[in-house]
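J.: Submitted below is the structure of interest, expressed as structure tokens.
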Amino acid sequence: MALNLDAVGKKIGPVTKDYTWKDVVLYALGVGAGFSEPEYTYEKNLKVIPTFSIATIFDFLSHIGVNANVNLAGIVHGEQDLIFHNPIPVEGTLTTEGKITHMYDKGKGKGALVIGESETYHSSGKKLFTSTLSIFCRLDGGFGGQNAPAEVFAFPEKKPDFEIDAQPSPDQPLIYRLSGDLFPLHADPEFAKMAGFEKPIMHGLCTYGYACRALIQNLIPGEPEKLRRLKCRFSKPLYPGDPIKIQIWKTEDGKAVWKVTNTKTNADVITNGLCEYGDILKEEIRFDGRVAIVTGAGGGLGKVYALELAKRGAKVVVNDLGGSRDGAGAGKGPADKVVDEIKAAGGEAVANYDNVATPEGGENIVKTAMDAFGTVDILINNAGILRDKSFLKMDPENWQAVIDVHLTGAYNVTKPAFAVMREKGYGRIVMTTSAAGLYGNFGQTNYSSAKMGLLGLMNTLKIEGKKYNILVNTVAPIAASRLTEDILPKEFFEKLKPEFVSPMVLYLCSEKCKVDGYIYNAGMGFFNRAAVITGKGIVLGDGKSIPAVEAVADHLDQIGALKGGKEYFELNEQVGDMINAFSAPAATAESAAKKTGSVADVFAAMPGAFNKDAAKGVTVVFQYHISGPGGGDWFCDIKDGECIVSAGVHGKPTCTLKMADTDFLDMISGTLPSMQAYTSGKLKIDGDVMKSQLIGKLFKM
Ligand code: NAI
């Protein structure tokens with residue numbers, strides 16, 4: 001077993017994790033918070049202890065271990081550095097991506113260091129934190145690599161500014177592990193002994209959480225959102241129940257150093273601690289050097305987008321046909337006026353008077369940008385008209401005119417703009433839908449259809465644009481304009497200034513924007529997201545015989561339920577779920593067996609997969625207890641380069657592996673990495689755990 005040096009630099013993830021306020025509170029309890037800190041432990045006005053972040057990415061951390069192929073029996077957390085970009089919300093979904101950046105060799109018998117870096121985003125699109133960690137692998141040294149560069153660190157030669165005593169409970173790891181880190185070293189006395197400890201030890205990251213609370217309490221009381229960075233080295237194990245002292249020295253404005261000592265033994269358990277705190281520096285969102293096209297920018301919403309973009313540095317193509325509300329007529333006046341206004345304020349803009357509803361018009365709008373500014377980075381498809389009629393009065397001309405401007409118009413301009421964006425590997429496209437399309441509105445069948453068509457355009461374009469860093473999103477504005485003057489009540493007009501919509505649209509146009517394929521309602525300073533949610537659904541029948549119409553009627557409540565529903569990024573995900581619905585738990589063993597055979601087949605195939613060369617000098621008996629309907633007992637007796645696999649129970653196995661049949665088949669088929677199976681508790685190993693790691697070497701399944 002050796003470290004997999006090829007893993008360095010390869011992308012890991014994205015790994016996602018859903019969490020709710022209960023996870024936040026469970027973590028707080030795990031790191032010693034209680035009644036005295038209701039801000040962390042009670043859902044009313046709940047705040048998140050920033051180090052909660054690291055507990056949420058445990059799955060990602062175990063991927064680092066799996067990819068690096070570390071020897072599990074010898075790993076401990078070496079160092080941890082967390083940089084916080086935004087406060088952590090009390091619920092949501094986190095997405096983490098990263099890589100192993102280095103593997104350092106401390107020498108044979110001295111261990112190795114695996115360094116992993118990751119970035120985590122919240123489902124709101126905000127970047128929350130960057131983690132850099134090192135795993136100290138006591139048993140993996142001596143592979144001939146370079147040693148890690150030495151770090152210079154010194155504590156001030158003065159008394160600490162703060163000293164905080166704390167007393168983790170003797171059972172602390174049993175609570176902490178429920179936040180994700182189920183590694184048996186912190187719960188299983190036998191495993192702990194095997195790893196060289198007298199009993200299970202505290203998670204270093206649990207002690208880190210204690211330190212985080214103490215630092216916040218003393219440096220930024222009540223304001224965990226002001227923590228900017230927390231870095232440290234885990235220097236010695238700590239047994240649960242041992243008292244600790246956290247010492248903090250303020251070094252300069254917004255900076256402190258800290259350590260944690262075991263006051264029973266006087267040993268430093270965490271050292272080289274660094275803490276940075278203060279307000280998040282608001283970075284202004286700018287568009288310098290960016291070229292934006294705004295269609296229908298001669299008035300209403302489009303005019304405000306154009307002015308705001310220019311104010312923040314963008315060069316703007318102000319397109320407007322200059323027609324009336326129903327699309328009749330044309331004129332240069334509206335576009336010219338907006339361009340004059342931008343220029344008068346010191347910005348750069350050029351007018352275009354083309355009709356978005358024709359392909360030539362679309363081409364020409366993009367050509368205007370290319371001729372004037374050389375590129376296109378941003379496109380806001382905003383031009384629009386109205387021709388309202390109740391459905392039976394909706395003649396083909398009014399139907400078509402509205403579809404032509406809104407939907408075909410967006411196609412006409414987006415196509416040439418997308419070509420430029422794809423070439424340069426960057427683009428932000430915003431579509432404009434409407435509540436009339438999302439939810440329906442009397443007299444607007446043409447408009448509602450066109451506006452929903454734009455969502456279909458977005459949904460597929462976001463997939464085609466993703467690999468070129470072209471993000472496509474949609475706004476559903478509500479604002480006072482000539483389109484809404486006879487629809488919205490007069491008293492709301494002032495409150496409905498288009499300026500209230502533009503912050504959302506400008507964000508979606510910015511480099512900061514990370515969301516893709518999202519729909520946002522915006523108006524009067526109110527913002528929310530609309531989405532297509534798909535319910536969990538049910539299977540009627542066995543997938544072979546056609547279900548009866550009556551069965552649909554009988555189960556309509558379940559078919560229609562949205563509880564536990566989800567959003568899909570693309571069609572394949574939904575089809576995948578549909579297919580998976582037929583291999584729900586009872587059938588999982590069956591479907592996994594299709595890939596790998598039954599559990600019995602796997603054991604029958606084991607002698608054939610035996611690697612004689614790797615078995616030289618190895619004497620070992622692996623006992624398997626596989627639970628579930630496809631399970632049973634088997635053991636592999638390996639001696640003198642031979643392997644005998646038998647059904648039944650061996651009298652003196654070297655180690656015993658226990659697993660459910662479905663998990664076992666997943667592990668054999670490769671869909672469940674063995675380390676993940678182990679750390680998640682799906683695989684339990686009794687006896688000599690270290691010998692169990694020979695399995696991968698001895699059998700090539
Ligand atoms: P507006 O009428 O003030 O602005 C639309 C602009 O598009 C006009 O200046 C018009 O000359 C231009 N335009 C029309 N057809 C064109 C064409 N074929 N080629 C180029 N330019 C053309 O209306 P408003 O309210 O600013 O609407 C902007 C967008 O927001 C539209 O797509 C509209 O459907 C959408 N919207 C507006 C809502 C609101 O509350 N104002 C609600 C929901 C959606």
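Identifiers in the structure tokens: chain A, B, ... in order shown; residue index from 1 per chain; ligand index from 1 in order shown.
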Give me, as a PyMOL selection string, the residues of segment 211-452 of chain A that a backbone DSSP run labels strand (DSSP E).
T.: chain A and resi 227-234+244-252+255-262+267-277+291-294+315-319+348-352+378-380+427-432
J.: Quick one: DSSP helix (DSSP H, G or I) residues in segment 251-348 of chain A, as a list of chain:residue names?
T.: A:Gly300, A:Leu301, A:Gly302, A:Lys303, A:Val304, A:Tyr305, A:Ala306, A:Leu307, A:Glu308, A:Leu309, A:Ala310, A:Lys311, A:Gly333, A:Pro334, A:Ala335, A:Asp336, A:Lys337, A:Val338, A:Val339, A:Asp340, A:Glu341, A:Ile342, A:Lys343, A:Ala344
J.: At most 7 Å is the cut-off: for each residue in chain A with any atom that close to an atom of ligand 1, write down the nearest atom pair and the distance in Å rounded to one decimal, counting only C-alpha atoms and all ligand atoms, chain first then increasing number, as a Markdown table.
T.:
| residue | atom | partner | partner_atom_place_in_ligand_line | distance |
| --- | --- | --- | --- | --- |
| A:Thr295 | CA | ligand 1 | 21 (N) | 5.8 |
| A:Gly296 | CA | ligand 1 | 7 (O) | 3.3 |
| A:Ala297 | CA | ligand 1 | 9 (O) | 5.7 |
| A:Gly298 | CA | ligand 1 | 9 (O) | 4.4 |
| A:Gly299 | CA | ligand 1 | 9 (O) | 4.4 |
| A:Gly300 | CA | ligand 1 | 26 (O) | 3.4 |
| A:Leu301 | CA | ligand 1 | 26 (O) | 3.8 |
| A:Gly302 | CA | ligand 1 | 26 (O) | 5.7 |
| A:Asn319 | CA | ligand 1 | 20 (C) | 6.1 |
| A:Asp320 | CA | ligand 1 | 21 (N) | 3.9 |
| A:Leu321 | CA | ligand 1 | 20 (C) | 4.1 |
| A:Gly322 | CA | ligand 1 | 11 (O) | 4.1 |
| A:Gly323 | CA | ligand 1 | 11 (O) | 4.7 |
| A:Ser324 | CA | ligand 1 | 11 (O) | 6.3 |
| A:Arg325 | CA | ligand 1 | 2 (O) | 5.5 |
| A:Gly327 | CA | ligand 1 | 15 (N) | 5.3 |
| A:Pro334 | CA | ligand 1 | 9 (O) | 6.9 |
| A:Tyr353 | CA | ligand 1 | 20 (C) | 6.9 |
| A:Asp354 | CA | ligand 1 | 20 (C) | 6.0 |
| A:Asn355 | CA | ligand 1 | 19 (N) | 3.7 |
| A:Val356 | CA | ligand 1 | 19 (N) | 4.1 |
| A:Ala357 | CA | ligand 1 | 18 (N) | 5.0 |
| A:Asn382 | CA | ligand 1 | 32 (O) | 4.4 |
| A:Ala383 | CA | ligand 1 | 7 (O) | 3.6 |
| A:Gly384 | CA | ligand 1 | 32 (O) | 3.9 |
| A:Ile385 | CA | ligand 1 | 14 (C) | 5.1 |
| A:Val405 | CA | ligand 1 | 18 (N) | 5.0 |
| A:His406 | CA | ligand 1 | 32 (O) | 6.4 |
| A:Gly409 | CA | ligand 1 | 18 (N) | 6.9 |
| A:Thr432 | CA | ligand 1 | 32 (O) | 5.5 |
| A:Thr433 | CA | ligand 1 | 44 (C) | 5.6 |
| A:Ser434 | CA | ligand 1 | 43 (C) | 3.9 |
| A:Ala435 | CA | ligand 1 | 43 (C) | 6.2 |
| A:Ala476 | CA | ligand 1 | 43 (C) | 5.6 |
| A:Pro477 | CA | ligand 1 | 43 (C) | 4.8 |
| A:Ile478 | CA | ligand 1 | 40 (O) | 3.4 |
| A:Ala479 | CA | ligand 1 | 40 (O) | 3.8 |
| A:Ala480 | CA | ligand 1 | 41 (N) | 5.4 |
| A:Ser481 | CA | ligand 1 | 25 (O) | 4.6 |
| A:Arg482 | CA | ligand 1 | 3 (O) | 5.1 |
| A:Leu483 | CA | ligand 1 | 23 (O) | 4.9 |
| A:Thr484 | CA | ligand 1 | 41 (N) | 5.4 |
J.: Give me the residues within 12 Å of Asp637 of chain A as a list in words, counting only C-alpha atoms and dropping any in the same chain fewer than 4 places off.
T.: Met606, Pro607, Phe610, Ala615, Val618, Thr619, Val620, Val621, Phe622, Gln623, Tyr624, Gly641, Glu642, Cys643, Ile644, Val645, Ser646, Ala647, Gly648, Val649, His650, Gly651, Lys652, Pro653, Thr654, Cys655, Ile695 and Leu698 of chain A
J.: With N, CA, C and O atoms retained, could you export that selection as an mmCIF file, in the first residue's frame?
T.:
data_model
loop_
_atom_site.group_PDB
_atom_site.id
_atom_site.type_symbol
_atom_site.label_atom_id
_atom_site.label_comp_id
_atom_site.auth_asym_id
_atom_site.auth_seq_id
_atom_site.Cartn_x
_atom_site.Cartn_y
_atom_site.Cartn_z
ATOM 1 N N MET A 606 -13.500 -14.974 -6.382
ATOM 2 C CA MET A 606 -12.338 -14.448 -5.646
ATOM 3 C C MET A 606 -11.033 -15.222 -5.897
ATOM 4 O O MET A 606 -9.997 -14.599 -6.118
ATOM 5 N N PRO A 607 -11.045 -16.581 -5.911
ATOM 6 C CA PRO A 607 -9.777 -17.282 -6.167
ATOM 7 C C PRO A 607 -9.187 -16.877 -7.520
ATOM 8 O O PRO A 607 -7.969 -16.740 -7.651
ATOM 9 N N PHE A 610 -7.274 -13.660 -7.340
ATOM 10 C CA PHE A 610 -6.197 -13.654 -6.348
ATOM 11 C C PHE A 610 -4.856 -13.350 -7.019
ATOM 12 O O PHE A 610 -4.528 -13.890 -8.079
ATOM 13 N N ALA A 615 1.014 -12.016 -2.541
ATOM 14 C CA ALA A 615 0.699 -12.761 -1.317
ATOM 15 C C ALA A 615 1.920 -13.431 -0.703
ATOM 16 O O ALA A 615 1.789 -14.163 0.284
ATOM 17 N N VAL A 618 2.495 -13.840 3.126
ATOM 18 C CA VAL A 618 1.297 -13.352 3.834
ATOM 19 C C VAL A 618 0.472 -14.537 4.336
ATOM 20 O O VAL A 618 0.118 -15.430 3.569
ATOM 21 N N THR A 619 0.181 -14.549 5.628
ATOM 22 C CA THR A 619 -0.714 -15.561 6.193
ATOM 23 C C THR A 619 -1.848 -14.817 6.883
ATOM 24 O O THR A 619 -1.619 -14.060 7.832
ATOM 25 N N VAL A 620 -3.021 -14.998 6.357
ATOM 26 C CA VAL A 620 -4.115 -14.186 6.875
ATOM 27 C C VAL A 620 -5.460 -14.852 6.562
ATOM 28 O O VAL A 620 -5.584 -15.595 5.582
ATOM 29 N N VAL A 621 -6.462 -14.648 7.433
ATOM 30 C CA VAL A 621 -7.820 -15.154 7.150
ATOM 31 C C VAL A 621 -8.790 -13.975 7.221
ATOM 32 O O VAL A 621 -8.889 -13.303 8.258
ATOM 33 N N PHE A 622 -9.457 -13.691 6.103
ATOM 34 C CA PHE A 622 -10.477 -12.648 6.095
ATOM 35 C C PHE A 622 -11.844 -13.302 6.231
ATOM 36 O O PHE A 622 -12.217 -14.128 5.399
ATOM 37 N N GLN A 623 -12.559 -12.926 7.277
ATOM 38 C CA GLN A 623 -13.918 -13.460 7.473
ATOM 39 C C GLN A 623 -14.927 -12.394 7.031
ATOM 40 O O GLN A 623 -14.801 -11.213 7.402
ATOM 41 N N TYR A 624 -15.897 -12.785 6.231
ATOM 42 C CA TYR A 624 -16.938 -11.852 5.799
ATOM 43 C C TYR A 624 -18.282 -12.277 6.382
ATOM 44 O O TYR A 624 -18.659 -13.452 6.266
ATOM 45 N N GLY A 641 1.078 -18.350 -0.464
ATOM 46 C CA GLY A 641 0.747 -17.906 -1.824
ATOM 47 C C GLY A 641 -0.504 -18.552 -2.393
ATOM 48 O O GLY A 641 -0.764 -18.463 -3.596
ATOM 49 N N GLU A 642 -1.294 -19.227 -1.561
ATOM 50 C CA GLU A 642 -2.526 -19.868 -2.031
ATOM 51 C C GLU A 642 -3.725 -19.205 -1.354
ATOM 52 O O GLU A 642 -3.616 -18.718 -0.220
ATOM 53 N N CYS A 643 -4.865 -19.235 -2.026
ATOM 54 C CA CYS A 643 -6.074 -18.655 -1.439
ATOM 55 C C CYS A 643 -7.221 -19.658 -1.542
ATOM 56 O O CYS A 643 -7.544 -20.129 -2.638
ATOM 57 N N ILE A 644 -7.814 -19.989 -0.411
ATOM 58 C CA ILE A 644 -8.983 -20.870 -0.431
ATOM 59 C C ILE A 644 -10.169 -20.081 0.104
ATOM 60 O O ILE A 644 -10.105 -19.509 1.200
ATOM 61 N N VAL A 645 -11.237 -20.012 -0.711
ATOM 62 C CA VAL A 645 -12.438 -19.289 -0.281
ATOM 63 C C VAL A 645 -13.504 -20.317 0.066
ATOM 64 O O VAL A 645 -13.811 -21.216 -0.733
ATOM 65 N N SER A 646 -14.063 -20.232 1.277
ATOM 66 C CA SER A 646 -15.079 -21.204 1.703
ATOM 67 C C SER A 646 -16.272 -20.470 2.280
ATOM 68 O O SER A 646 -16.135 -19.376 2.856
ATOM 69 N N ALA A 647 -17.439 -21.081 2.144
ATOM 70 C CA ALA A 647 -18.626 -20.545 2.816
ATOM 71 C C ALA A 647 -18.548 -20.960 4.284
ATOM 72 O O ALA A 647 -18.004 -22.018 4.605
ATOM 73 N N GLY A 648 -19.050 -20.138 5.185
ATOM 74 C CA GLY A 648 -19.080 -20.501 6.601
ATOM 75 C C GLY A 648 -18.240 -19.575 7.461
ATOM 76 O O GLY A 648 -17.796 -18.506 7.005
ATOM 77 N N VAL A 649 -18.025 -19.995 8.691
ATOM 78 C CA VAL A 649 -17.342 -19.143 9.672
ATOM 79 C C VAL A 649 -16.028 -19.796 10.082
ATOM 80 O O VAL A 649 -16.000 -20.974 10.455
ATOM 81 N N HIS A 650 -14.944 -19.048 10.014
ATOM 82 C CA HIS A 650 -13.624 -19.553 10.401
ATOM 83 C C HIS A 650 -13.467 -19.413 11.922
ATOM 84 O O HIS A 650 -13.973 -18.459 12.524
ATOM 85 N N GLY A 651 -12.740 -20.338 12.532
ATOM 86 C CA GLY A 651 -12.574 -20.310 13.994
ATOM 87 C C GLY A 651 -11.675 -19.174 14.470
ATOM 88 O O GLY A 651 -11.874 -18.625 15.553
ATOM 89 N N LYS A 652 -10.678 -18.777 13.646
ATOM 90 C CA LYS A 652 -9.719 -17.774 14.120
ATOM 91 C C LYS A 652 -9.349 -16.797 13.002
ATOM 92 O O LYS A 652 -8.224 -16.810 12.493
ATOM 93 N N PRO A 653 -10.312 -15.970 12.595
ATOM 94 C CA PRO A 653 -9.991 -15.045 11.498
ATOM 95 C C PRO A 653 -9.020 -13.947 11.942
ATOM 96 O O PRO A 653 -8.988 -13.592 13.131
ATOM 97 N N THR A 654 -8.231 -13.444 11.005
ATOM 98 C CA THR A 654 -7.332 -12.312 11.313
ATOM 99 C C THR A 654 -8.168 -11.052 11.495
ATOM 100 O O THR A 654 -7.945 -10.258 12.394
ATOM 101 N N CYS A 655 -9.132 -10.870 10.599
ATOM 102 C CA CYS A 655 -10.060 -9.762 10.777
ATOM 103 C C CYS A 655 -11.405 -10.128 10.153
ATOM 104 O O CYS A 655 -11.472 -10.989 9.266
ATOM 105 N N ILE A 695 -6.405 -6.404 1.378
ATOM 106 C CA ILE A 695 -7.396 -6.992 0.464
ATOM 107 C C ILE A 695 -7.276 -6.410 -0.946
ATOM 108 O O ILE A 695 -7.257 -7.132 -1.931
ATOM 109 N N LEU A 698 -4.338 -7.944 -2.646
ATOM 110 C CA LEU A 698 -4.372 -9.394 -2.871
ATOM 111 C C LEU A 698 -5.377 -9.829 -3.932
ATOM 112 O O LEU A 698 -5.248 -10.892 -4.519
#
J.: Using only C-alpha atoms, find each residue in segment 247-322 of chain A having at least one atom no more than 12 Å away from segment 503-515 of chain A; report its shortest atom-to-atom pair and that distance in Å (one decimal), rows by chain then rising number, as a tab-separated table.
T.:
residue	atom	partner	partner_atom	distance
A:Glu283	CA	A:Lys512	CA	10.0
A:Glu284	CA	A:Lys512	CA	10.2
A:Ile285	CA	A:Ser510	CA	7.1
A:Arg286	CA	A:Ser510	CA	7.5
A:Phe287	CA	A:Ser510	CA	7.1
A:Asp288	CA	A:Ser510	CA	10.6
A:Gly289	CA	A:Glu511	CA	11.8
A:Arg290	CA	A:Ser510	CA	9.4
A:Val291	CA	A:Cys509	CA	10.6
A:Ala292	CA	A:Cys509	CA	8.8
A:Ile293	CA	A:Cys509	CA	10.7
A:Val294	CA	A:Cys509	CA	11.0
A:Leu301	CA	A:Val505	CA	10.1
A:Gly302	CA	A:Val505	CA	10.2
A:Val304	CA	A:Pro503	CA	10.1
A:Tyr305	CA	A:Leu506	CA	7.2
A:Ala306	CA	A:Leu506	CA	9.7
A:Leu307	CA	A:Leu506	CA	10.9
A:Glu308	CA	A:Leu506	CA	7.9
A:Leu309	CA	A:Leu506	CA	7.1
A:Ala310	CA	A:Leu506	CA	10.8
A:Lys311	CA	A:Leu506	CA	11.3
A:Arg312	CA	A:Leu506	CA	9.7
A:Gly313	CA	A:Ser510	CA	11.6
A:Ala314	CA	A:Ser510	CA	10.5
J.: Leaving out segment 458-460 of chain A and any residue of its chain fewer than 6 positions from it, which residues lie within 10 Å of it when counting only C-alpha atoms, given as a PyMOL selection string?
T.: chain A and resi 429-431+452+471-474+516-519+569-571
J.: What's around segment 198-207 of chain A at 7 Å? Count only C-alpha atoms, leave out sequence neighbours fewer than 2 positions away in its own chain, and write the answer as a PDB file with N, CA and C atoms, in the first residue's frame.
T.:
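Just written: out29.pdb:
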ATOM      1  N   VAL A  31     -19.204  20.904  19.891  1.00  0.00           N
ATOM      2  CA  VAL A  31     -17.987  21.641  20.257  1.00  0.00           C
ATOM      3  C   VAL A  31     -18.199  22.416  21.557  1.00  0.00           C
ATOM      4  N   HIS A  77      -5.354  14.485  11.571  1.00  0.00           N
ATOM      5  CA  HIS A  77      -5.398  15.810  10.946  1.00  0.00           C
ATOM      6  C   HIS A  77      -4.108  16.542  11.319  1.00  0.00           C
ATOM      7  N   PRO A 173     -16.561  13.272  21.929  1.00  0.00           N
ATOM      8  CA  PRO A 173     -16.466  12.829  20.518  1.00  0.00           C
ATOM      9  C   PRO A 173     -17.717  12.111  20.040  1.00  0.00           C
ATOM     10  N   TYR A 176     -19.792  14.927  18.843  1.00  0.00           N
ATOM     11  CA  TYR A 176     -19.173  15.633  17.715  1.00  0.00           C
ATOM     12  C   TYR A 176     -19.253  14.809  16.426  1.00  0.00           C
ATOM     13  N   LEU A 185     -11.591   5.991  15.118  1.00  0.00           N
ATOM     14  CA  LEU A 185     -10.561   6.375  16.084  1.00  0.00           C
ATOM     15  C   LEU A 185     -11.158   7.179  17.245  1.00  0.00           C
ATOM     16  N   HIS A 186     -12.298   7.801  17.014  1.00  0.00           N
ATOM     17  CA  HIS A 186     -12.892   8.673  18.030  1.00  0.00           C
ATOM     18  C   HIS A 186     -14.064   8.017  18.759  1.00  0.00           C
ATOM     19  N   ALA A 187     -14.329   6.742  18.450  1.00  0.00           N
ATOM     20  CA  ALA A 187     -15.490   6.101  19.080  1.00  0.00           C
ATOM     21  C   ALA A 187     -15.233   4.641  19.457  1.00  0.00           C
ATOM     22  N   ASP A 188     -14.317   4.001  18.760  1.00  0.00           N
ATOM     23  CA  ASP A 188     -14.150   2.557  18.909  1.00  0.00           C
ATOM     24  C   ASP A 188     -12.875   2.264  19.711  1.00  0.00           C
ATOM     25  N   PRO A 189     -13.007   1.802  20.972  1.00  0.00           N
ATOM     26  CA  PRO A 189     -11.823   1.588  21.809  1.00  0.00           C
ATOM     27  C   PRO A 189     -10.811   0.636  21.166  1.00  0.00           C
ATOM     28  N   ALA A 192      -8.951   2.400  18.429  1.00  0.00           N
ATOM     29  CA  ALA A 192      -8.025   3.382  19.013  1.00  0.00           C
ATOM     30  C   ALA A 192      -6.762   2.668  19.510  1.00  0.00           C
ATOM     31  N   LYS A 193      -6.961   1.493  20.135  1.00  0.00           N
ATOM     32  CA  LYS A 193      -5.796   0.740  20.645  1.00  0.00           C
ATOM     33  C   LYS A 193      -4.901   0.328  19.484  1.00  0.00           C
ATOM     34  N   GLY A 196      -2.662   2.789  18.375  1.00  0.00           N
ATOM     35  CA  GLY A 196      -1.621   3.178  19.318  1.00  0.00           C
ATOM     36  C   GLY A 196      -2.069   4.103  20.431  1.00  0.00           C
ATOM     37  N   GLY A 209     -13.085  23.641  17.248  1.00  0.00           N
ATOM     38  CA  GLY A 209     -14.386  24.292  17.447  1.00  0.00           C
ATOM     39  C   GLY A 209     -14.452  24.980  18.807  1.00  0.00           C
ATOM     40  N   TYR A 210     -13.898  24.335  19.856  1.00  0.00           N
ATOM     41  CA  TYR A 210     -13.841  24.972  21.181  1.00  0.00           C
ATOM     42  C   TYR A 210     -13.048  26.276  21.088  1.00  0.00           C
ATOM     43  N   ALA A 211     -11.904  26.185  20.394  1.00  0.00           N
ATOM     44  CA  ALA A 211     -11.048  27.375  20.278  1.00  0.00           C
ATOM     45  C   ALA A 211     -11.790  28.472  19.510  1.00  0.00           C
ATOM     46  N   PHE A 234      -2.380  20.810  14.593  1.00  0.00           N
ATOM     47  CA  PHE A 234      -2.773  19.867  15.656  1.00  0.00           C
ATOM     48  C   PHE A 234      -1.500  19.149  16.103  1.00  0.00           C
ATOM     49  N   PRO A 237      -2.474  14.512  20.508  1.00  0.00           N
ATOM     50  CA  PRO A 237      -3.855  14.063  20.734  1.00  0.00           C
ATOM     51  C   PRO A 237      -4.358  14.488  22.107  1.00  0.00           C
ATOM     52  N   LEU A 238      -5.659  14.604  22.221  1.00  0.00           N
ATOM     53  CA  LEU A 238      -6.276  14.987  23.495  1.00  0.00           C
ATOM     54  C   LEU A 238      -7.313  13.922  23.826  1.00  0.00           C
ATOM     55  N   TYR A 239      -7.288  13.445  25.064  1.00  0.00           N
ATOM     56  CA  TYR A 239      -8.308  12.466  25.451  1.00  0.00           C
ATOM     57  C   TYR A 239      -9.566  13.190  25.925  1.00  0.00           C
ATOM     58  N   PRO A 240     -10.725  12.668  25.577  1.00  0.00           N
ATOM     59  CA  PRO A 240     -11.971  13.310  26.006  1.00  0.00           C
ATOM     60  C   PRO A 240     -12.025  13.391  27.529  1.00  0.00           C
TER      61      PRO A 240
END
J.: Out of A:Val402, A:Ile270, A:Ile12, A:Ile175, which residue has the shortest atom-to-atom distance to Gln80 of chain A when counting only C-alpha atoms?
T.: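 Checking each of A:Val402, A:Ile270, A:Ile12, A:Ile175 against Gln80 of chain A, counting only C-alpha atoms, the winner is A:Ile270.
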J.: My list of candidates is A:Ile54, A:Gln172, A:Ala154, A:Lys691. Which is closest to Ser118 of chain A when distances are computed with only C-alpha atoms?
T.: A:Ile54
J.: Give me the residues within 12 Å of Pro156 of chain A as a short mmCIF file (atom, residue, chain, number, x, y, z; two decimals) with N, CA, C and O atoms, in the first residue's frame, counting only C-alpha atoms and dropping any in the same chain fewer than 4 places off.
T.:
data_model
loop_
_atom_site.label_atom_id
_atom_site.label_comp_id
_atom_site.auth_asym_id
_atom_site.auth_seq_id
_atom_site.Cartn_x
_atom_site.Cartn_y
_atom_site.Cartn_z
N PRO A 160 -0.64 36.12 27.68
CA PRO A 160 -1.76 36.17 26.73
C PRO A 160 -2.77 37.24 27.13
O PRO A 160 -2.95 37.53 28.31
N ASP A 161 -3.44 37.83 26.14
CA ASP A 161 -4.50 38.81 26.44
C ASP A 161 -5.73 38.13 27.02
O ASP A 161 -6.46 38.72 27.80
N GLN A 247 -5.35 30.02 24.93
CA GLN A 247 -4.63 31.27 25.19
C GLN A 247 -4.60 32.09 23.90
O GLN A 247 -4.32 31.56 22.82
N ILE A 248 -4.90 33.39 24.06
CA ILE A 248 -5.01 34.26 22.88
C ILE A 248 -4.16 35.51 23.08
O ILE A 248 -4.26 36.18 24.12
N TRP A 249 -3.33 35.82 22.07
CA TRP A 249 -2.54 37.05 22.09
C TRP A 249 -3.00 37.91 20.91
O TRP A 249 -2.98 37.44 19.76
N LYS A 250 -3.40 39.16 21.19
CA LYS A 250 -3.71 40.07 20.08
C LYS A 250 -2.38 40.57 19.53
O LYS A 250 -1.52 41.01 20.29
N THR A 251 -2.20 40.52 18.22
CA THR A 251 -0.92 40.94 17.66
C THR A 251 -1.03 42.29 16.95
O THR A 251 -0.18 43.15 17.08
N GLU A 252 -2.06 42.49 16.18
CA GLU A 252 -2.31 43.79 15.54
C GLU A 252 -3.80 43.89 15.31
O GLU A 252 -4.53 42.93 15.58
N ALA A 256 -4.81 37.87 15.70
CA ALA A 256 -4.40 37.30 16.98
C ALA A 256 -3.73 35.96 16.72
O ALA A 256 -3.94 35.35 15.67
N VAL A 257 -2.91 35.53 17.68
CA VAL A 257 -2.38 34.16 17.62
C VAL A 257 -2.90 33.42 18.84
O VAL A 257 -3.26 34.03 19.84
N TRP A 258 -2.95 32.10 18.76
CA TRP A 258 -3.59 31.34 19.83
C TRP A 258 -3.09 29.91 19.88
O TRP A 258 -2.50 29.42 18.92
N LYS A 259 -3.29 29.27 21.04
CA LYS A 259 -3.01 27.85 21.14
C LYS A 259 -3.93 27.22 22.18
O LYS A 259 -4.57 27.93 22.97
N ASN A 272 0.49 27.04 16.94
CA ASN A 272 0.63 27.88 15.73
C ASN A 272 -0.71 28.44 15.26
O ASN A 272 -0.96 28.58 14.07
#
J.: Quick one, how far is atom CA of Ser169 of chain A from atom CA of Glu37 of chain A?
T.: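 Atom-to-atom, atom CA of Ser169 of chain A and atom CA of Glu37 of chain A are spaced 16.9 Å apart.
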J.: Would you kindly return, as a ChimeraX atom specification, each protein, DNA or RNA residue with an atom no farther than 12 Å from any atom of Ala372 of chain A, considering only C-alpha atoms and excluding same-chain residues fewer than 6 positions away?
T.: /A:291-293,315-318,348-352,364-366
J.: To one decimal place, how far is atom CA of Lys17 of chain A from atom CA of Phe60 of chain A in Å?
T.: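 We find that atom CA of Lys17 of chain A and atom CA of Phe60 of chain A lie 9.6 Å from each other.
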